[in-house]
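Below is one structure, written out as structure tokens, with a few remarks after it.
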Amino acid sequence: MADCDVAVIGAGVIGESVAYELAARGAAVTLLDARGAGLGATQAAAGMLAPFIEGFGRPLLPLAARSLEMYASFIDRILRDTGIDVGYARSGSLHVANEEESIAELKVVAAGAKAAGVACDLLDARQALEREPSLAPDVMGGLLFPSHGFVGAIDLSAALCTGAVKHGARLIVPARVRRISSRGAEMDIELESGGRLVSQQVVIAAGCWSGLIDIDGMPPVPIRPIRGQLLQLAWSGDPLKRIVWGPRCYIVPSGPGTALVGATVEDAGYDERTTVAGVRDLLDAACDLVPQVWQASLVAARVGLRPATSDEMPVIGRSRAVPGVVFATGHFRNGVLLAPFTAKAVADVVLDNQEDPLLAAVSPQRFGEY
Ligand code: GLY
């Protein structure tokens with residue numbers, strides 16, 4: 001007899017969203033994490049919701065755009081279920097250019113977005129400074145997407161976990177999963193502590209640690225850590241009105257008197273330290289983009305290990321090798337943005353064996369016998 005219907009391994013924003021969705025649909029869910037909820041890549045996420053900056057020209061864009069469409073109702077549900085305000089705002093974004101070459105690139109993005117029916121405004125230098133007067137005067141132009149926005153990743157993570165538990169999910173932390181194997185129609189989950197759990201199905205949502213779980217019947221999931229450092233600033237000047245994305249950093253005006261500056265992209269293995277080099281590079285880039293950063297206070301430097309695959313696309317879908325296993329991992333730079341889409345798509349697979357056609361681009365089988 002199984003202990004639960006679905007065990008979700010990993011309580012970052014993806015695992016939490018999946019657990020929340022499954023529990024809300026009536027499944028008996030156990031959510032496990034080796035550390036605690038929201039303590040992996042999620043803790044250093046800026047919470048940017050900007051698919052036409054981060055996904056343009058990539059196969060990620062259809063998933064990212066769909067997930068953005070789902071965001072308002074996702075947040076409404078979470079607020080209704082938990083009463084937690086997660087700092088969600090559709091502020092828009094301004095992608096800033098400071099050389100001819102990047103203006104030309106922005107024109108290509110603007111044409112592509114317009115062809116897809118997505119509203120955007122290509123701005124010259126004067127217009128960009130009118131919209132964001134705090135920008136450095138060397139700005140040459142910008143591309144404004146009114147539909148973009150942000151959400152407080154740490155608050156979202158806390159709310160998702162609360163919501164999942166309110167719907168009956170059981171959170172077990174710390175619980176590091178060592179091995180998963182099939183036992184007849186059920187899945188046997190062995191913990192490093194020596195404990196075990198039996199579940200009907202297992203969702204692998206352990207981010208960059210997904211490949212370290214030994215799953216009988218398949219090779220390790222090919223995901224590696226890519227470090228991201230993020231700065232939290234206390235902002236005393238005129239607040240930015242929207243996300244500002246520059247050539248070497250982005251700034252998210254994530255709340256009153258607060259801004260987040262991100263992010264480094266570093267191949268540093270499982271090293272979760274912040275570094276002087278990372279902090280200095282981000283501060284230099286942010287001061288060049290918005291000189292008021294010189295007046296801000298540095299509140300914190302955060303770090304997270306993003307889960308990256310070789311094509312920088314997530315791995316979402318049911319295993320063919322071990323059908324009790326479903327993947328929801330490898331979201332690299334877009335876990336927060338892709339959370340609503342992933343939660344729904346995974347719940348559809350787990351509970352109804354329904355596969356959203358968009359999952360074809362993120363199939364586990366593109367990497368081999370999974
Ligand atoms: N999505 C923002 C980042 O990865 O830095």
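Each chain in the structure tokens gets a letter, A, B, ..., in the order shown, and its residues are numbered from 1; ligands are numbered from 1 in order too.
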How close does each residue of chain A get to ligand 1, giving the shortest atom pair and distance in Å to one decimal for every residue with an atom at most 12 Å away, counting only C-alpha atoms and all ligand atoms, sorted by chain and residue number, as CSV?
```
residue,atom,partner,partner_atom_place_in_ligand_line,distance
A:Ala41,CA,ligand 1,4 (O),9.4
A:Thr42,CA,ligand 1,4 (O),10.3
A:Gln43,CA,ligand 1,4 (O),11.8
A:Ala44,CA,ligand 1,5 (O),8.6
A:Ala45,CA,ligand 1,2 (C),6.6
A:Ala46,CA,ligand 1,2 (C),6.2
A:Gly47,CA,ligand 1,1 (N),7.1
A:Met48,CA,ligand 1,1 (N),6.1
A:Leu49,CA,ligand 1,1 (N),8.1
A:Ala50,CA,ligand 1,1 (N),8.4
A:Pro51,CA,ligand 1,1 (N),9.5
A:Phe52,CA,ligand 1,1 (N),11.9
A:Ile53,CA,ligand 1,1 (N),9.8
A:Glu54,CA,ligand 1,1 (N),7.2
A:Gly55,CA,ligand 1,1 (N),10.0
A:Ala64,CA,ligand 1,1 (N),11.4
A:Phe150,CA,ligand 1,1 (N),10.5
A:Val151,CA,ligand 1,1 (N),11.8
A:Ala153,CA,ligand 1,1 (N),11.0
A:Ile226,CA,ligand 1,4 (O),9.4
A:Arg227,CA,ligand 1,4 (O),9.2
A:Gly228,CA,ligand 1,5 (O),6.4
A:Gln229,CA,ligand 1,5 (O),8.1
A:Leu230,CA,ligand 1,5 (O),7.8
A:Leu231,CA,ligand 1,5 (O),11.1
A:Ile243,CA,ligand 1,2 (C),11.5
A:Trp245,CA,ligand 1,2 (C),10.3
A:Arg248,CA,ligand 1,5 (O),11.0
A:Cys249,CA,ligand 1,5 (O),8.6
A:Tyr250,CA,ligand 1,5 (O),8.1
A:Ile251,CA,ligand 1,5 (O),10.3
A:Val252,CA,ligand 1,2 (C),10.2
A:Leu260,CA,ligand 1,5 (O),10.5
A:Val261,CA,ligand 1,5 (O),9.0
A:Gly262,CA,ligand 1,5 (O),5.6
A:Ala263,CA,ligand 1,5 (O),4.6
A:Thr264,CA,ligand 1,5 (O),6.9
A:Val265,CA,ligand 1,5 (O),7.2
A:Glu266,CA,ligand 1,5 (O),10.7
A:Leu282,CA,ligand 1,5 (O),11.5
A:Arg302,CA,ligand 1,5 (O),11.7
A:Val303,CA,ligand 1,5 (O),10.6
A:Gly304,CA,ligand 1,4 (O),9.5
A:Leu305,CA,ligand 1,4 (O),9.7
A:Arg306,CA,ligand 1,4 (O),7.4
A:Pro307,CA,ligand 1,4 (O),10.2
A:Ala308,CA,ligand 1,4 (O),10.6
A:Glu312,CA,ligand 1,4 (O),11.3
A:His331,CA,ligand 1,4 (O),9.7
A:Phe332,CA,ligand 1,4 (O),7.0
A:Arg333,CA,ligand 1,4 (O),3.6
A:Asn334,CA,ligand 1,1 (N),5.2
A:Gly335,CA,ligand 1,1 (N),7.8
A:Val336,CA,ligand 1,1 (N),8.0
A:Leu337,CA,ligand 1,1 (N),8.1
A:Leu338,CA,ligand 1,1 (N),10.4
```
Filtered DSSP result for range 118-268 of chain A, state strand (DSSP E or B), as a VMD selection string: chain A and resid 121 to 124 141 to 145 149 to 150 170 to 172 177 to 183 186 to 191 196 to 204 214 to 215 224 to 234 243 to 245 250 to 255 258 to 262 266
Nearest-residue call for Leu197 in chain A, choices A:Gly112, A:Thr30, A:Ala259, A:Pro364, using only C-alpha atoms: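 Counting only C-alpha atoms, the residue closest to Leu197 in chain A is A:Thr30.
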Neighbour list for Leu122 in chain A as an MDAnalysis selection string, cut-off 8 Å, only C-alpha atoms, skip fewer than 5 positions in-chain: chainID A and resid 106:107 110 141:144
Test item, helix (DSSP H, G or I) assignment across range 53-135 of chain A, answer as a ChimeraX atom specification: /A:53-54,61-82,100-115,125-131
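When only C-alpha atoms are used to measure the gap to Ser182 in chain A, the shortest distance among A:Ala97, A:Val202, A:Val8, A:Ala169 belongs to A:Val202.
With only C-alpha atoms as the atoms that count, the residue of A:Leu160, A:Ala7, A:Glu69, A:Arg280 with the shortest distance to Val326 in chain A is A:Ala7.
Nearest residue to Ala24 in chain A, choosing from A:Val165, A:Val86, A:Ala361, A:Ala234 and counting only C-alpha atoms: A:Val165.
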Using only C-alpha atoms: which of A:Ile316, A:Ala37, A:Leu156, A:Val109 has the shortest distance to Asp348 in chain A: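 Of A:Ile316, A:Ala37, A:Leu156, A:Val109, the one nearest Asp348 in chain A is A:Ile316, counting only C-alpha atoms.
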Contacts of Val6 in chain A at 6 Å (only C-alpha atoms; same-chain gap of 5+ positions) as number ranges by chain: A: 29, 199-202
With all heavy atoms kept, could you save the residues just selected as a PDB file, in the first residue's frame?
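After the write, selection-v2.pdb holds the following:
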```
ATOM      1  N   VAL A  29      -0.223  14.112  -1.852  1.00  0.00           N
ATOM      2  CA  VAL A  29       1.120  14.498  -2.290  1.00  0.00           C
ATOM      3  C   VAL A  29       2.075  14.548  -1.107  1.00  0.00           C
ATOM      4  O   VAL A  29       1.720  15.055  -0.039  1.00  0.00           O
ATOM      5  CB  VAL A  29       1.070  15.908  -2.950  1.00  0.00           C
ATOM      6  CG1 VAL A  29       2.469  16.396  -3.320  1.00  0.00           C
ATOM      7  CG2 VAL A  29       0.172  15.899  -4.175  1.00  0.00           C
ATOM      8  N   SER A 199       5.322   5.376  -3.187  1.00  0.00           N
ATOM      9  CA  SER A 199       4.422   6.317  -3.853  1.00  0.00           C
ATOM     10  C   SER A 199       3.950   5.712  -5.175  1.00  0.00           C
ATOM     11  O   SER A 199       4.655   4.892  -5.767  1.00  0.00           O
ATOM     12  CB  SER A 199       5.221   7.604  -4.106  1.00  0.00           C
ATOM     13  OG  SER A 199       4.458   8.506  -4.828  1.00  0.00           O
ATOM     14  N   GLN A 200       2.771   6.135  -5.619  1.00  0.00           N
ATOM     15  CA  GLN A 200       2.314   5.634  -6.935  1.00  0.00           C
ATOM     16  C   GLN A 200       3.195   6.193  -8.056  1.00  0.00           C
ATOM     17  O   GLN A 200       3.555   5.492  -8.987  1.00  0.00           O
ATOM     18  CB  GLN A 200       0.865   6.080  -7.199  1.00  0.00           C
ATOM     19  CG  GLN A 200      -0.170   5.594  -6.203  1.00  0.00           C
ATOM     20  CD  GLN A 200      -0.492   4.125  -6.402  1.00  0.00           C
ATOM     21  OE1 GLN A 200      -0.138   3.552  -7.422  1.00  0.00           O
ATOM     22  NE2 GLN A 200      -1.141   3.525  -5.422  1.00  0.00           N
ATOM     23  N   GLN A 201       3.497   7.489  -7.955  1.00  0.00           N
ATOM     24  CA  GLN A 201       4.315   8.145  -8.981  1.00  0.00           C
ATOM     25  C   GLN A 201       5.301   9.087  -8.288  1.00  0.00           C
ATOM     26  O   GLN A 201       5.058   9.513  -7.155  1.00  0.00           O
ATOM     27  CB  GLN A 201       3.442   8.954  -9.944  1.00  0.00           C
ATOM     28  CG  GLN A 201       2.404   8.106 -10.670  1.00  0.00           C
ATOM     29  CD  GLN A 201       1.686   8.889 -11.762  1.00  0.00           C
ATOM     30  OE1 GLN A 201       2.298   9.363 -12.714  1.00  0.00           O
ATOM     31  NE2 GLN A 201       0.380   9.014 -11.615  1.00  0.00           N
ATOM     32  N   VAL A 202       6.360   9.422  -9.028  1.00  0.00           N
ATOM     33  CA  VAL A 202       7.372  10.336  -8.482  1.00  0.00           C
ATOM     34  C   VAL A 202       7.618  11.449  -9.496  1.00  0.00           C
ATOM     35  O   VAL A 202       7.794  11.178 -10.689  1.00  0.00           O
ATOM     36  CB  VAL A 202       8.718   9.606  -8.254  1.00  0.00           C
ATOM     37  CG1 VAL A 202       9.748  10.567  -7.665  1.00  0.00           C
ATOM     38  CG2 VAL A 202       8.543   8.420  -7.353  1.00  0.00           C
TER      39      VAL A 202
END
```
Selection near Tyr71 in chain A, 7 Å with only C-alpha atoms, sequence-local residues under 4 positions removed, as a list in words: Ser67, Ile75 and Pro340 of chain A
All residues 8 Å or closer to Val322 in chain A, only C-alpha atoms, same chain fewer than 6 positions away omitted, as a PyMOL selection string: chain A and resi 182+217-218+370
Atom pair CA of Phe367 in chain A / CA of Leu61 in chain A: separation (Å): 20.5 Å
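Restricting the calculation to only C-alpha atoms, the smallest distance between Ala28 in chain A and any of A:Val139, A:Ala300, A:Cys4, A:Val346 is found for A:Cys4.
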